[in-house]
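model31.txt (compact mmCIF, C-alpha atoms)
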# COMPACT_ATOMS: atom_id res chain seq x y z
CA MET A 1 165.12 147.93 108.00
CA GLN A 2 162.67 148.32 105.15
CA TRP A 3 165.38 147.48 102.61
CA ILE A 4 166.03 144.14 104.37
CA SER A 5 162.38 143.26 103.96
CA LEU A 6 162.49 144.26 100.31
CA VAL A 7 165.64 142.19 99.68
CA SER A 8 164.14 139.16 101.45
CA ILE A 9 161.03 139.35 99.25
CA TRP A 10 162.92 139.68 95.96
CA ILE A 11 166.11 137.64 96.42
CA ILE A 12 164.68 134.22 95.47
CA PRO A 13 162.70 135.39 92.39
CA LEU A 14 165.74 137.38 91.21
CA LEU A 15 168.03 134.39 91.71
CA ILE A 16 165.68 132.11 89.78
CA GLY A 17 165.36 134.69 87.03
CA PHE A 18 169.14 135.04 86.83
CA ILE A 19 169.58 131.27 86.58
CA LEU A 20 166.99 131.03 83.81
CA LEU A 21 168.52 133.92 81.86
CA TYR A 22 171.99 132.44 82.27
CA SER A 23 170.79 129.05 81.03
CA VAL A 24 169.21 130.70 77.96
CA TRP A 25 172.41 132.64 77.31
CA LYS A 26 174.56 129.49 77.62
CA LYS A 27 171.97 127.42 75.67
CA ILE A 28 171.49 124.99 78.57
CA PRO A 29 168.09 123.24 78.78
CA ALA A 30 167.14 124.53 82.25
CA TYR A 31 164.04 122.41 82.79
CA GLU A 32 165.76 119.18 81.77
CA ALA A 33 168.71 120.00 84.05
CA PHE A 34 166.27 120.70 86.90
CA VAL A 35 164.47 117.38 86.39
CA GLU A 36 167.77 115.50 86.20
CA GLY A 37 168.90 117.13 89.44
CA GLY A 38 165.61 116.14 91.07
CA LYS A 39 166.13 112.52 90.03
CA GLU A 40 169.63 112.53 91.55
CA GLY A 41 168.29 114.14 94.72
CA ILE A 42 165.70 111.40 95.18
CA LYS A 43 168.35 108.70 94.68
CA ILE A 44 170.58 110.32 97.30
CA ALA A 45 167.65 110.73 99.73
CA VAL A 46 166.82 107.02 99.46
CA SER A 47 170.48 106.01 99.81
CA ILE A 48 170.92 107.91 103.10
CA ILE A 49 167.95 106.27 104.85
CA PRO A 50 169.99 103.36 106.35
CA PHE A 51 172.61 105.78 107.68
CA LEU A 52 169.91 108.01 109.15
CA VAL A 53 168.11 105.12 110.84
CA GLY A 54 171.40 103.90 112.32
CA MET A 55 172.16 107.32 113.79
CA LEU A 56 168.67 107.70 115.27
CA VAL A 57 168.85 104.24 116.88
CA ALA A 58 172.28 104.98 118.35
CA ILE A 59 171.08 108.30 119.83
CA THR A 60 168.01 106.67 121.35
CA VAL A 61 170.06 103.86 122.90
CA PHE A 62 172.57 106.38 124.31
CA ARG A 63 169.83 108.46 125.95
CA GLU A 64 167.53 105.66 127.12
CA SER A 65 170.27 103.41 128.50
CA GLY A 66 171.26 105.98 131.08
CA ALA A 67 174.75 106.38 129.62
CA LEU A 68 174.13 110.08 129.02
CA ASP A 69 173.02 110.69 132.61
CA PHE A 70 175.97 108.67 133.94
CA PHE A 71 178.41 110.73 131.87
CA VAL A 72 176.89 114.02 133.05
CA GLN A 73 177.13 112.95 136.70
CA PHE A 74 180.72 111.82 136.16
CA LEU A 75 181.65 115.28 134.85
CA ARG A 76 179.71 117.21 137.52
CA PRO A 77 182.70 118.03 139.80
CA LEU A 78 184.74 119.40 136.89
CA LEU A 79 181.79 121.34 135.49
CA ASP A 80 180.98 122.84 138.89
CA TRP A 81 184.60 123.91 139.26
CA LEU A 82 184.52 125.53 135.81
CA GLY A 83 181.14 127.14 136.47
CA VAL A 84 179.45 125.34 133.58
CA PRO A 85 175.85 124.26 134.24
CA THR A 86 175.35 120.51 133.88
CA GLU A 87 172.05 121.10 132.08
CA ILE A 88 173.88 121.98 128.86
CA VAL A 89 176.15 118.90 128.79
CA PRO A 90 173.57 116.63 127.07
CA LEU A 91 173.07 119.33 124.44
CA ALA A 92 176.82 119.70 123.91
CA LEU A 93 177.20 115.92 123.55
CA ILE A 94 174.18 115.31 121.30
CA ARG A 95 174.58 118.36 119.03
CA PRO A 96 177.46 116.86 116.98
CA ILE A 97 175.38 113.72 116.49
CA SER A 98 171.91 114.96 115.60
CA GLY A 99 170.42 118.39 115.05
CA ASN A 100 166.86 117.19 115.72
CA ALA A 101 167.80 115.49 118.99
CA ALA A 102 169.75 118.60 120.02
CA LEU A 103 166.79 120.81 119.15
CA GLY A 104 164.58 118.60 121.32
CA LEU A 105 167.05 118.87 124.21
CA MET A 106 167.25 122.63 123.77
CA SER A 107 163.44 122.85 123.83
CA ASP A 108 163.46 120.85 127.08
CA ILE A 109 166.08 123.21 128.54
CA LEU A 110 164.09 126.27 127.49
CA SER A 111 160.87 124.88 128.95
CA VAL A 112 162.55 124.45 132.35
CA HIS A 113 164.76 127.54 132.19
CA HIS A 114 163.53 130.75 130.63
CA PRO A 115 165.04 131.57 127.20
CA ASP A 116 166.50 134.76 128.69
CA SER A 117 168.16 132.90 131.57
CA TYR A 118 171.87 132.19 131.58
CA ILE A 119 171.27 128.50 130.81
CA GLY A 120 168.73 129.34 128.10
CA ARG A 121 171.10 131.75 126.40
CA LEU A 122 173.97 129.29 126.72
CA ALA A 123 171.93 126.47 125.21
CA SER A 124 170.80 128.69 122.34
CA THR A 125 174.34 129.86 121.67
CA ILE A 126 175.71 126.30 121.70
CA GLN A 127 172.95 125.24 119.31
CA GLY A 128 173.93 128.03 116.94
CA SER A 129 177.72 127.75 117.22
CA THR A 130 178.13 124.02 116.65
CA ASP A 131 177.24 121.63 113.84
CA THR A 132 175.95 118.08 113.45
CA THR A 133 179.42 116.75 112.62
CA LEU A 134 178.79 113.02 113.04
CA TYR A 135 175.47 113.25 111.25
CA VAL A 136 177.07 115.05 108.30
CA LEU A 137 179.94 112.58 108.13
CA THR A 138 177.74 109.50 108.45
CA VAL A 139 174.95 110.52 106.14
CA TYR A 140 176.61 112.59 103.45
CA PHE A 141 180.00 110.90 103.32
CA GLY A 142 178.23 107.52 103.41
CA ALA A 143 175.85 108.53 100.63
CA VAL A 144 178.69 109.36 98.26
CA GLY A 145 180.81 106.39 99.31
CA ILE A 146 183.64 108.10 101.18
CA LYS A 147 185.09 105.56 103.61
CA LYS A 148 188.11 107.38 105.05
CA MET A 149 186.84 110.31 107.06
CA GLY A 150 189.27 110.41 109.98
CA ASP A 151 190.66 113.88 109.31
CA ALA A 152 187.21 115.34 108.64
CA LEU A 153 186.00 113.81 111.91
CA LYS A 154 188.89 115.28 113.89
CA VAL A 155 188.50 118.75 112.40
CA GLY A 156 184.71 118.70 112.74
CA LEU A 157 184.77 117.63 116.40
CA LEU A 158 187.51 120.17 117.15
CA ALA A 159 185.35 122.87 115.57
CA ASP A 160 182.42 121.75 117.74
CA LEU A 161 184.60 121.85 120.86
CA VAL A 162 185.80 125.35 119.97
CA GLY A 163 182.19 126.41 119.33
CA ILE A 164 181.08 125.08 122.72
CA ALA A 165 184.01 126.72 124.54
CA ALA A 166 183.43 130.01 122.73
CA ALA A 167 179.71 129.86 123.58
CA ILE A 168 180.47 129.31 127.26
CA ILE A 169 183.04 132.12 127.37
CA ILE A 170 180.98 134.64 125.41
CA VAL A 171 177.70 133.95 127.24
CA SER A 172 179.55 134.09 130.59
CA LEU A 173 181.11 137.44 129.67
CA MET A 174 177.91 138.90 128.26
CA PHE A 175 175.28 137.51 130.61
CA GLY A 176 177.10 135.72 133.46
As structure tokens:
Amino acid sequence: MQWISLVSIWIIPLLIGFILLYSVWKKIPAYEAFVEGGKEGIKIAVSIIPFLVGMLVAITVFRESGALDFFVQFLRPLLDWLGVPTEIVPLALIRPISGNAALGLMSDILSVHHPDSYIGRLASTIQGSTDTTLYVLTVYFGAVGIKKMGDALKVGLLADLVGIAAAIIIVSLMFG
């Protein structure tokens, strides 16, 4: 375990040193390239603000309108039959949309249910085994001007569904 600590302390300085040595070897002006990259990063950050605001408004409307609660209650008979706790459904629905909203939901779940409970472990596993698919598509694809994202959306949401199903199965087998 001591070697992991040593690697974690030295990995970033070694990586930076390697990049600087490589740039000297290839005769690339490292500082100028860094500054240019920073300028591009700021432009991209500013360009994604409208997409980010739109996603946050949509999430808030979905939660505050009661649509999320209605959907959870609609699925309750199926979820009970499958043995899936309804408490994790909002997390499973919001996670592909927003990581911050999902983290807030997971914090709410963990404050009600202990982190070592079945529901706490399931929520944590879902949080770790899924991605913010719609957020990534909206913000990053929008920032670079990609308009046709149908296939990426299908694959991303399928991956999220597989991650949620795998989380439920694995947590049920390990802790259920």
(request) Mind giving me the straight-line distance from CA of Val84 in chain A to CA of Ile164 in chain A in Å, one decimal? (result)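 It comes out at 11.0 Å.
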(request) Could you tell me which of A:Gly156, A:Glu32, A:Val57, A:Ile168 comes closest to Ile88 in chain A if we count only C-alpha atoms? (result)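 Going through A:Gly156, A:Glu32, A:Val57, A:Ile168 one by one, the smallest distance to Ile88 in chain A is for A:Ile168.
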So that I can check the surroundings of Ser47 in chain A, please list as an mmCIF file with C-alpha atoms, in the frame of the given file every protein, DNA and RNA residue that reaches within 10 Å of it, counting only C-alpha atoms and ignoring chain neighbours fewer than 2 positions away.
data_model
loop_
_atom_site.group_PDB
_atom_site.id
_atom_site.type_symbol
_atom_site.label_atom_id
_atom_site.label_comp_id
_atom_site.auth_asym_id
_atom_site.auth_seq_id
_atom_site.Cartn_x
_atom_site.Cartn_y
_atom_site.Cartn_z
ATOM 1 C CA GLY A 41 168.290 114.140 94.720
ATOM 2 C CA ILE A 42 165.700 111.400 95.180
ATOM 3 C CA LYS A 43 168.350 108.700 94.680
ATOM 4 C CA ILE A 44 170.580 110.320 97.300
ATOM 5 C CA ALA A 45 167.650 110.730 99.730
ATOM 6 C CA ILE A 49 167.950 106.270 104.850
ATOM 7 C CA PRO A 50 169.990 103.360 106.350
ATOM 8 C CA PHE A 51 172.610 105.780 107.680
ATOM 9 C CA LEU A 52 169.910 108.010 109.150
ATOM 10 C CA VAL A 139 174.950 110.520 106.140
ATOM 11 C CA TYR A 140 176.610 112.590 103.450
ATOM 12 C CA GLY A 142 178.230 107.520 103.410
ATOM 13 C CA ALA A 143 175.850 108.530 100.630
ATOM 14 C CA VAL A 144 178.690 109.360 98.260
#
(request) Measure the distance from CA of Gly120 in chain A to CA of Leu103 in chain A in Å and round it to one decimal. (result)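 One can read the CA of Gly120 in chain A to CA of Leu103 in chain A distance as 12.5 Å.
Minimum atom-to-atom distances from A:Leu134, A:Leu105, A:Val162, A:Leu79 to Gly150 in chain A were compared using all atoms listed in the file, and the lowest value belongs to A:Leu134.
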(request) Would you work out the distance separating CA of Ala101 in chain A from CA of Ile59 in chain A, expressed in Å to one decimal? (result) 7.9 Å
(request) Would you mind telling me which residue in A:Ile146, A:Leu157, A:Val171, A:Met55 lies nearest to Thr125 in chain A when using only C-alpha atoms? (result)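 Among the listed residues, A:Val171 lies closest to Thr125 in chain A.
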Complete the atoms of range 60-86 of chain A to N, CA, C and O atoms and put them out as a PDB file, in the coordinates of the input.
ATOM      1  N   THR A  60     169.048 107.139 120.425  1.00  0.00           N
ATOM      2  CA  THR A  60     168.010 106.670 121.350  1.00  0.00           C
ATOM      3  C   THR A  60     168.592 105.721 122.391  1.00  0.00           C
ATOM      4  O   THR A  60     168.291 105.834 123.585  1.00  0.00           O
ATOM      5  N   VAL A  61     169.438 104.803 121.970  1.00  0.00           N
ATOM      6  CA  VAL A  61     170.060 103.860 122.900  1.00  0.00           C
ATOM      7  C   VAL A  61     170.935 104.611 123.909  1.00  0.00           C
ATOM      8  O   VAL A  61     170.900 104.331 125.111  1.00  0.00           O
ATOM      9  N   PHE A  62     171.700 105.592 123.433  1.00  0.00           N
ATOM     10  CA  PHE A  62     172.570 106.380 124.310  1.00  0.00           C
ATOM     11  C   PHE A  62     171.772 107.113 125.375  1.00  0.00           C
ATOM     12  O   PHE A  62     172.150 107.122 126.548  1.00  0.00           O
ATOM     13  N   ARG A  63     170.663 107.717 124.997  1.00  0.00           N
ATOM     14  CA  ARG A  63     169.830 108.460 125.950  1.00  0.00           C
ATOM     15  C   ARG A  63     169.069 107.541 126.883  1.00  0.00           C
ATOM     16  O   ARG A  63     169.041 107.746 128.096  1.00  0.00           O
ATOM     17  N   GLU A  64     168.414 106.516 126.330  1.00  0.00           N
ATOM     18  CA  GLU A  64     167.530 105.660 127.120  1.00  0.00           C
ATOM     19  C   GLU A  64     168.274 104.668 128.006  1.00  0.00           C
ATOM     20  O   GLU A  64     167.709 104.189 128.995  1.00  0.00           O
ATOM     21  N   SER A  65     169.515 104.364 127.691  1.00  0.00           N
ATOM     22  CA  SER A  65     170.270 103.410 128.500  1.00  0.00           C
ATOM     23  C   SER A  65     170.768 104.009 129.810  1.00  0.00           C
ATOM     24  O   SER A  65     171.210 103.288 130.699  1.00  0.00           O
ATOM     25  N   GLY A  66     170.738 105.313 129.899  1.00  0.00           N
ATOM     26  CA  GLY A  66     171.260 105.980 131.080  1.00  0.00           C
ATOM     27  C   GLY A  66     172.719 106.380 130.947  1.00  0.00           C
ATOM     28  O   GLY A  66     173.289 106.977 131.859  1.00  0.00           O
ATOM     29  N   ALA A  67     173.334 106.042 129.830  1.00  0.00           N
ATOM     30  CA  ALA A  67     174.750 106.380 129.620  1.00  0.00           C
ATOM     31  C   ALA A  67     174.953 107.888 129.612  1.00  0.00           C
ATOM     32  O   ALA A  67     175.953 108.382 130.155  1.00  0.00           O
ATOM     33  N   LEU A  68     174.018 108.618 129.052  1.00  0.00           N
ATOM     34  CA  LEU A  68     174.130 110.080 129.020  1.00  0.00           C
ATOM     35  C   LEU A  68     174.080 110.658 130.424  1.00  0.00           C
ATOM     36  O   LEU A  68     174.915 111.483 130.796  1.00  0.00           O
ATOM     37  N   ASP A  69     173.128 110.203 131.224  1.00  0.00           N
ATOM     38  CA  ASP A  69     173.020 110.690 132.610  1.00  0.00           C
ATOM     39  C   ASP A  69     174.256 110.314 133.425  1.00  0.00           C
ATOM     40  O   ASP A  69     174.734 111.119 134.231  1.00  0.00           O
ATOM     41  N   PHE A  70     174.761 109.104 133.225  1.00  0.00           N
ATOM     42  CA  PHE A  70     175.970 108.670 133.940  1.00  0.00           C
ATOM     43  C   PHE A  70     177.143 109.584 133.593  1.00  0.00           C
ATOM     44  O   PHE A  70     177.894 110.010 134.464  1.00  0.00           O
ATOM     45  N   PHE A  71     177.303 109.887 132.323  1.00  0.00           N
ATOM     46  CA  PHE A  71     178.410 110.730 131.870  1.00  0.00           C
ATOM     47  C   PHE A  71     178.303 112.137 132.458  1.00  0.00           C
ATOM     48  O   PHE A  71     179.306 112.714 132.893  1.00  0.00           O
ATOM     49  N   VAL A  72     177.099 112.676 132.490  1.00  0.00           N
ATOM     50  CA  VAL A  72     176.890 114.020 133.050  1.00  0.00           C
ATOM     51  C   VAL A  72     177.249 114.030 134.533  1.00  0.00           C
ATOM     52  O   VAL A  72     177.927 114.945 135.007  1.00  0.00           O
ATOM     53  N   GLN A  73     176.823 113.016 135.269  1.00  0.00           N
ATOM     54  CA  GLN A  73     177.130 112.950 136.700  1.00  0.00           C
ATOM     55  C   GLN A  73     178.629 112.746 136.940  1.00  0.00           C
ATOM     56  O   GLN A  73     179.184 113.264 137.903  1.00  0.00           O
ATOM     57  N   PHE A  74     179.282 112.026 136.070  1.00  0.00           N
ATOM     58  CA  PHE A  74     180.720 111.820 136.160  1.00  0.00           C
ATOM     59  C   PHE A  74     181.470 113.149 136.003  1.00  0.00           C
ATOM     60  O   PHE A  74     182.466 113.401 136.672  1.00  0.00           O
ATOM     61  N   LEU A  75     180.993 113.992 135.113  1.00  0.00           N
ATOM     62  CA  LEU A  75     181.650 115.280 134.850  1.00  0.00           C
ATOM     63  C   LEU A  75     181.243 116.396 135.816  1.00  0.00           C
ATOM     64  O   LEU A  75     181.838 117.468 135.797  1.00  0.00           O
ATOM     65  N   ARG A  76     180.251 116.165 136.652  1.00  0.00           N
ATOM     66  CA  ARG A  76     179.710 117.210 137.520  1.00  0.00           C
ATOM     67  C   ARG A  76     180.766 117.956 138.338  1.00  0.00           C
ATOM     68  O   ARG A  76     180.764 119.185 138.357  1.00  0.00           O
ATOM     69  N   PRO A  77     181.702 117.285 139.017  1.00  0.00           N
ATOM     70  CA  PRO A  77     182.700 118.030 139.800  1.00  0.00           C
ATOM     71  C   PRO A  77     183.534 118.996 138.945  1.00  0.00           C
ATOM     72  O   PRO A  77     183.762 120.150 139.335  1.00  0.00           O
ATOM     73  N   LEU A  78     183.964 118.546 137.780  1.00  0.00           N
ATOM     74  CA  LEU A  78     184.740 119.400 136.890  1.00  0.00           C
ATOM     75  C   LEU A  78     183.900 120.573 136.382  1.00  0.00           C
ATOM     76  O   LEU A  78     184.354 121.721 136.361  1.00  0.00           O
ATOM     77  N   LEU A  79     182.671 120.282 136.001  1.00  0.00           N
ATOM     78  CA  LEU A  79     181.790 121.340 135.490  1.00  0.00           C
ATOM     79  C   LEU A  79     181.469 122.373 136.563  1.00  0.00           C
ATOM     80  O   LEU A  79     181.434 123.576 136.282  1.00  0.00           O
ATOM     81  N   ASP A  80     181.229 121.900 137.790  1.00  0.00           N
ATOM     82  CA  ASP A  80     180.980 122.840 138.890  1.00  0.00           C
ATOM     83  C   ASP A  80     182.196 123.724 139.134  1.00  0.00           C
ATOM     84  O   ASP A  80     182.058 124.925 139.362  1.00  0.00           O
ATOM     85  N   TRP A  81     183.367 123.144 139.064  1.00  0.00           N
ATOM     86  CA  TRP A  81     184.600 123.910 139.260  1.00  0.00           C
ATOM     87  C   TRP A  81     184.777 124.960 138.165  1.00  0.00           C
ATOM     88  O   TRP A  81     185.220 126.073 138.416  1.00  0.00           O
ATOM     89  N   LEU A  82     184.414 124.598 136.936  1.00  0.00           N
ATOM     90  CA  LEU A  82     184.520 125.530 135.810  1.00  0.00           C
ATOM     91  C   LEU A  82     183.356 126.520 135.742  1.00  0.00           C
ATOM     92  O   LEU A  82     183.412 127.486 134.988  1.00  0.00           O
ATOM     93  N   GLY A  83     182.306 126.260 136.512  1.00  0.00           N
ATOM     94  CA  GLY A  83     181.140 127.140 136.470  1.00  0.00           C
ATOM     95  C   GLY A  83     180.237 126.889 135.280  1.00  0.00           C
ATOM     96  O   GLY A  83     179.500 127.785 134.864  1.00  0.00           O
ATOM     97  N   VAL A  84     180.283 125.691 134.736  1.00  0.00           N
ATOM     98  CA  VAL A  84     179.450 125.340 133.580  1.00  0.00           C
ATOM     99  C   VAL A  84     178.244 124.548 134.091  1.00  0.00           C
ATOM    100  O   VAL A  84     178.409 123.541 134.769  1.00  0.00           O
ATOM    101  N   PRO A  85     177.035 124.987 133.767  1.00  0.00           N
ATOM    102  CA  PRO A  85     175.850 124.260 134.240  1.00  0.00           C
ATOM    103  C   PRO A  85     175.747 122.875 133.588  1.00  0.00           C
ATOM    104  O   PRO A  85     175.949 122.730 132.379  1.00  0.00           O
ATOM    105  N   THR A  86     175.439 121.881 134.394  1.00  0.00           N
ATOM    106  CA  THR A  86     175.350 120.510 133.880  1.00  0.00           C
ATOM    107  C   THR A  86     174.184 120.332 132.912  1.00  0.00           C
ATOM    108  O   THR A  86     174.190 119.388 132.117  1.00  0.00           O
TER     109      THR A  86
END
